[in-house]
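The file run.txt comes next; it holds compact mmCIF, C-alpha atoms.
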# COMPACT_ATOMS: atom_id res chain seq x y z
CA MET A 1 -41.41 -19.23 -1.48
CA ASN A 2 -43.22 -16.79 -3.72
CA GLU A 3 -41.14 -13.61 -4.10
CA ARG A 4 -43.49 -11.53 -6.21
CA SER A 5 -44.47 -9.29 -3.26
CA PHE A 6 -40.97 -8.25 -2.26
CA THR A 7 -41.24 -5.27 -4.58
CA GLY A 8 -44.95 -4.54 -4.17
CA CYS A 9 -48.45 -5.90 -4.56
CA ASP A 10 -49.40 -8.15 -7.44
CA MET A 11 -53.16 -8.04 -7.91
CA SER A 12 -53.36 -10.53 -10.77
CA GLN A 13 -53.51 -13.91 -9.03
CA PRO A 14 -53.90 -15.27 -5.50
CA ARG A 15 -50.71 -16.76 -4.08
CA PRO A 16 -50.32 -20.56 -3.93
CA VAL A 17 -51.10 -22.28 -0.64
CA THR A 18 -48.32 -24.24 1.08
CA ALA A 19 -49.07 -27.18 3.35
CA PHE A 20 -47.34 -27.70 6.69
CA ASP A 21 -47.02 -31.18 8.12
CA GLN A 22 -47.78 -31.81 11.77
CA ARG A 23 -44.17 -32.01 12.91
CA THR A 24 -43.24 -28.74 11.22
CA SER A 25 -46.27 -27.07 12.78
CA GLU A 26 -45.23 -28.36 16.21
CA ILE A 27 -41.71 -26.99 15.72
CA LEU A 28 -43.10 -23.60 14.72
CA GLU A 29 -45.37 -23.53 17.77
CA GLY A 30 -42.37 -24.18 20.02
CA ALA A 31 -40.31 -21.56 18.21
CA SER A 32 -43.11 -19.02 18.65
CA VAL A 33 -43.07 -19.57 22.41
CA ALA A 34 -39.27 -19.31 22.55
CA PHE A 35 -39.19 -16.10 20.52
CA SER A 36 -41.99 -14.58 22.60
CA SER A 37 -40.35 -15.39 25.93
CA LYS A 38 -36.65 -14.83 25.11
CA GLY A 39 -36.79 -12.50 22.13
CA PHE A 40 -35.52 -13.07 18.61
CA ASP A 41 -31.90 -12.42 19.53
CA GLY A 42 -32.12 -13.98 22.98
CA ALA A 43 -33.45 -17.33 21.77
CA SER A 44 -30.54 -19.48 20.61
CA MET A 45 -30.84 -22.34 18.15
CA GLN A 46 -30.34 -24.61 21.16
CA ASP A 47 -33.36 -22.97 22.84
CA LEU A 48 -35.42 -23.43 19.70
CA ALA A 49 -34.39 -27.08 19.36
CA ARG A 50 -35.20 -27.67 23.03
CA SER A 51 -38.65 -26.09 22.61
CA ALA A 52 -39.34 -28.66 19.87
CA GLY A 53 -37.94 -31.58 21.91
CA MET A 54 -35.20 -32.16 19.34
CA SER A 55 -31.45 -32.29 19.17
CA VAL A 56 -29.78 -29.26 17.62
CA GLY A 57 -28.48 -31.37 14.76
CA ASN A 58 -31.94 -32.68 13.93
CA PHE A 59 -33.44 -29.22 14.29
CA TYR A 60 -31.04 -27.84 11.67
CA ARG A 61 -32.43 -30.38 9.22
CA TYR A 62 -35.75 -28.57 9.41
CA PHE A 63 -34.57 -24.98 9.84
CA PRO A 64 -30.92 -23.96 9.25
CA SER A 65 -31.37 -20.45 10.69
CA LYS A 66 -33.69 -18.16 12.64
CA ALA A 67 -34.52 -16.36 9.41
CA ALA A 68 -35.75 -19.67 7.97
CA ILE A 69 -38.02 -20.09 11.00
CA VAL A 70 -39.41 -16.58 10.57
CA ALA A 71 -39.97 -17.31 6.87
CA ALA A 72 -41.96 -20.42 7.80
CA LEU A 73 -43.96 -18.56 10.46
CA ILE A 74 -44.86 -15.91 7.91
CA GLU A 75 -45.67 -18.53 5.28
CA ARG A 76 -47.97 -20.31 7.73
CA SER A 77 -49.73 -17.05 8.60
CA LEU A 78 -50.18 -16.29 4.91
CA VAL A 79 -51.72 -19.72 4.32
CA GLU A 80 -54.25 -18.98 7.07
CA LEU A 81 -54.93 -15.53 5.65
CA GLU A 82 -55.40 -16.97 2.16
CA GLN A 83 -58.09 -19.27 3.54
CA ASP A 84 -59.71 -16.50 5.59
CA PHE A 85 -59.92 -14.10 2.66
CA ALA A 86 -61.21 -16.82 0.31
CA ALA A 87 -64.06 -17.45 2.76
CA LEU A 88 -64.64 -13.73 3.23
CA LEU A 89 -65.08 -13.21 -0.53
CA GLU A 90 -68.07 -15.57 -0.40
CA GLU A 91 -69.89 -13.29 2.06
CA ASP A 92 -72.83 -11.17 0.89
CA ASP A 93 -71.82 -8.25 3.11
CA LEU A 94 -68.13 -8.09 2.23
CA MET A 95 -67.24 -4.95 4.16
CA GLY A 96 -69.20 -6.02 7.22
CA ALA A 97 -67.42 -9.38 7.15
CA LEU A 98 -64.07 -7.59 6.78
CA ARG A 99 -64.82 -5.40 9.80
CA ARG A 100 -65.63 -8.46 11.89
CA LYS A 101 -62.50 -10.26 10.71
CA ILE A 102 -60.31 -7.29 11.63
CA ALA A 103 -61.86 -7.03 15.11
CA ASP A 104 -61.50 -10.79 15.62
CA ARG A 105 -57.89 -10.68 14.47
CA ILE A 106 -56.98 -8.01 17.01
CA ASP A 107 -58.68 -9.99 19.79
CA GLU A 108 -57.03 -13.26 18.75
CA ALA A 109 -53.56 -11.70 18.63
CA ARG A 110 -54.07 -10.32 22.14
CA CYS A 111 -55.65 -13.42 23.68
CA GLN A 112 -53.24 -15.92 22.12
CA GLY A 113 -50.11 -13.89 22.78
CA GLU A 114 -49.30 -13.48 19.09
CA GLY A 115 -48.65 -9.79 19.53
CA GLN A 116 -45.44 -10.44 21.45
CA LEU A 117 -44.16 -12.78 18.74
CA TRP A 118 -44.79 -10.28 15.97
CA ALA A 119 -43.30 -7.49 18.10
CA GLU A 120 -40.09 -9.52 18.28
CA ILE A 121 -40.11 -10.16 14.53
CA ASN A 122 -40.82 -6.49 13.87
CA ALA A 123 -37.91 -5.44 16.10
CA ALA A 124 -35.61 -7.94 14.37
CA SER A 125 -36.62 -6.54 10.98
CA LEU A 126 -35.13 -3.17 11.96
CA ARG A 127 -31.70 -4.80 12.32
CA LYS A 128 -31.75 -7.67 9.83
CA PRO A 129 -32.51 -6.99 6.15
CA GLU A 130 -33.60 -10.57 5.46
CA ILE A 131 -36.23 -10.37 8.22
CA ALA A 132 -37.34 -6.93 7.00
CA GLN A 133 -37.83 -8.37 3.52
CA LEU A 134 -39.99 -11.19 4.87
CA SER A 135 -42.02 -8.81 7.01
CA CYS A 136 -42.63 -6.50 4.05
CA ARG A 137 -43.73 -9.44 1.98
CA MET A 138 -46.36 -10.38 4.53
CA GLU A 139 -47.67 -6.82 4.67
CA ASP A 140 -47.81 -6.62 0.87
CA GLU A 141 -49.75 -9.88 0.67
CA ILE A 142 -52.32 -8.71 3.24
CA VAL A 143 -52.73 -5.38 1.43
CA SER A 144 -53.24 -7.26 -1.83
CA HIS A 145 -55.96 -9.45 -0.30
CA MET A 146 -57.69 -6.48 1.27
CA VAL A 147 -57.70 -4.44 -1.93
CA ARG A 148 -59.23 -7.44 -3.70
CA VAL A 149 -62.09 -7.26 -1.19
CA PHE A 150 -62.48 -3.53 -1.86
CA ALA A 151 -62.64 -4.19 -5.60
CA ARG A 152 -65.32 -6.84 -5.19
CA ALA A 153 -67.36 -4.72 -2.77
CA THR A 154 -67.37 -1.66 -5.04
CA GLN A 155 -67.52 -3.60 -8.31
CA ILE A 156 -64.47 -2.00 -9.90
CA SER A 157 -61.34 -3.61 -11.31
CA PRO A 158 -58.57 -4.76 -8.95
CA ASP A 159 -56.12 -2.41 -10.67
CA GLU A 160 -58.38 0.59 -10.11
CA ALA A 161 -59.03 -0.45 -6.51
CA HIS A 162 -55.29 -0.76 -5.93
CA GLY A 163 -54.71 2.75 -7.27
CA ARG A 164 -57.43 4.21 -5.11
CA TRP A 165 -57.18 2.32 -1.85
CA SER A 166 -53.88 0.51 -1.36
CA SER A 167 -52.87 3.25 1.10
CA HIS A 168 -56.10 2.70 3.04
CA ALA A 169 -55.35 -1.01 3.21
CA ARG A 170 -51.76 -0.42 4.31
CA MET A 171 -52.86 2.00 7.02
CA ILE A 172 -55.32 -0.60 8.33
CA VAL A 173 -52.57 -3.25 8.38
CA MET A 174 -50.28 -0.90 10.31
CA MET A 175 -52.99 -0.13 12.86
CA VAL A 176 -53.90 -3.79 13.39
CA LYS A 177 -50.23 -4.71 13.86
CA SER A 178 -49.64 -1.88 16.30
CA CYS A 179 -52.76 -2.70 18.29
CA ALA A 180 -51.85 -6.38 18.47
CA MET A 181 -48.32 -5.56 19.64
CA ARG A 182 -49.36 -3.09 22.35
CA ARG A 183 -48.36 -3.68 25.94
CA PRO A 184 -50.96 -5.92 27.63
CA ASP A 185 -50.79 -3.96 30.89
CA LEU A 186 -51.86 -0.61 29.45
CA PRO A 187 -54.64 0.80 31.69
CA ASP A 188 -56.57 2.13 28.69
CA ALA A 189 -56.03 -0.90 26.42
CA ALA A 190 -59.76 -1.47 25.85
CA ASP A 191 -60.36 2.20 24.99
CA LEU A 192 -57.38 2.14 22.65
CA GLN A 193 -58.73 -0.91 20.82
CA ARG A 194 -62.14 0.73 20.41
CA LEU A 195 -60.48 3.86 19.03
CA VAL A 196 -58.45 1.81 16.55
CA LEU A 197 -61.56 -0.02 15.35
CA ARG A 198 -63.49 3.25 15.03
CA THR A 199 -60.67 4.73 12.94
CA ILE A 200 -60.61 1.64 10.74
CA ASP A 201 -64.38 1.96 10.27
CA ARG A 202 -63.86 5.49 8.98
CA LEU A 203 -61.19 4.35 6.56
CA LEU A 204 -63.55 1.68 5.23
CA GLU A 205 -66.34 4.26 4.92
CA ASP A 206 -64.05 6.26 2.62
CA ILE A 207 -64.29 3.28 0.28
CA THR A 208 -67.95 2.31 0.56
CA LEU A 209 -69.72 5.67 0.85
CA PRO A 210 -68.67 7.00 -2.58
CA ALA A 211 -69.84 3.72 -4.12
CA VAL A 212 -73.23 4.04 -2.42
CA LYS A 213 -73.63 7.68 -3.43
CA GLY A 214 -72.53 6.90 -6.98

Is it possible to give me this structure as structure tokens?
Amino acid sequence: MNERSFTGCDMSQPRPVTAFDQRTSEILEGASVAFSSKGFDGASMQDLARSAGMSVGNFYRYFPSKAAIVAALIERSLVELEQDFAALLEEDDLMGALRRKIADRIDEARCQGEGQLWAEINAASLRKPEIAQLSCRMEDEIVSHMVRVFARATQISPDEAHGRWSSHARMIVMMVKSCAMRRPDLPDAADLQRLVLRTIDRLLEDITLPAVKG
């Protein structure tokens, strides 16, 4: 695992992509369901092994702890994000593509039930330092990718973009996470999502409007 983001964003190079074989992906899918339904603390290693159709002994050969599973879930998400941002950087309208990706991400998290999984991981991070470290790493990586988009869109250096807009990127990440983890039965869920997206639009305008005026 790449540990460069545990202490902050590194804008110099994209992170390496890790491949997941089919069996590992299947195990992670089962673990996601178990964590979502029983909670991080409520899901035992026996539950996780059962969700993968494996014996506990065999399961430990893949993942010796819950923290190792969370690390793999985060690594898999980062691989997907790496691919998404690489494709996004090829777009002519970078900020428009970023807006669409953010809106799609919120919808996907809600429709696929990912919000509950990340809510469980977020709650576990408040009690377990190793989970908190992994969660912070993921946030730092996303901020780094987003700032790289800002730099490309405004044609300034990544270092300058990081100094100007890393807080904007981190605020957007926090809002997307919170929106994805919201209760699905909220009566005003749709209005809340629209408000979040409108606020994110304003944050992105803080970045693009000065460049246009300049």

Near Phe150 in chain A, counting all atoms listed in the file, which residues have an atom at most 8 Å away, once you skip same-chain residues fewer than 5 positions from it, shown as number ranges by chain?
A: 95, 161, 165, 207

File dump, residues just selected, C-alpha atoms, as a CSV table (one decimal), in the frame of the given file:
chain,number,residue,atom,x,y,z
A,95,MET,CA,-67.2,-5.0,4.2
A,161,ALA,CA,-59.0,-0.4,-6.5
A,165,TRP,CA,-57.2,2.3,-1.8
A,207,ILE,CA,-64.3,3.3,0.3

Near-Ile102 in chain A list (12 Å; only C-alpha atoms; drop same-chain fewer than 5 positions) as a ChimeraX atom specification:
/A:81,84-85,88,95-97,107-109,142,146,169,172-177,179-180,193,196-198,200-201,204

Gap from CA of Ala52 in chain A to CA of Phe35 in chain A - Å, one decimal:
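Going from CA of Ala52 in chain A over to CA of Phe35 in chain A, I get 12.6 Å.
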
Atomic separation - CA of Gln22 in chain A relative to CA of Ala72 in chain A, Å
13.4 Å

Name all residues at most 12 Å from Val70 in chain A (count all atoms listed in the file; drop same-chain ones fewer than 4 positions away) and give them as a PyMOL selection string.
chain A and resi 27-29+31-32+35+40+63-66+74-77+117-118+120-122+124-125+128+130-135+137-138
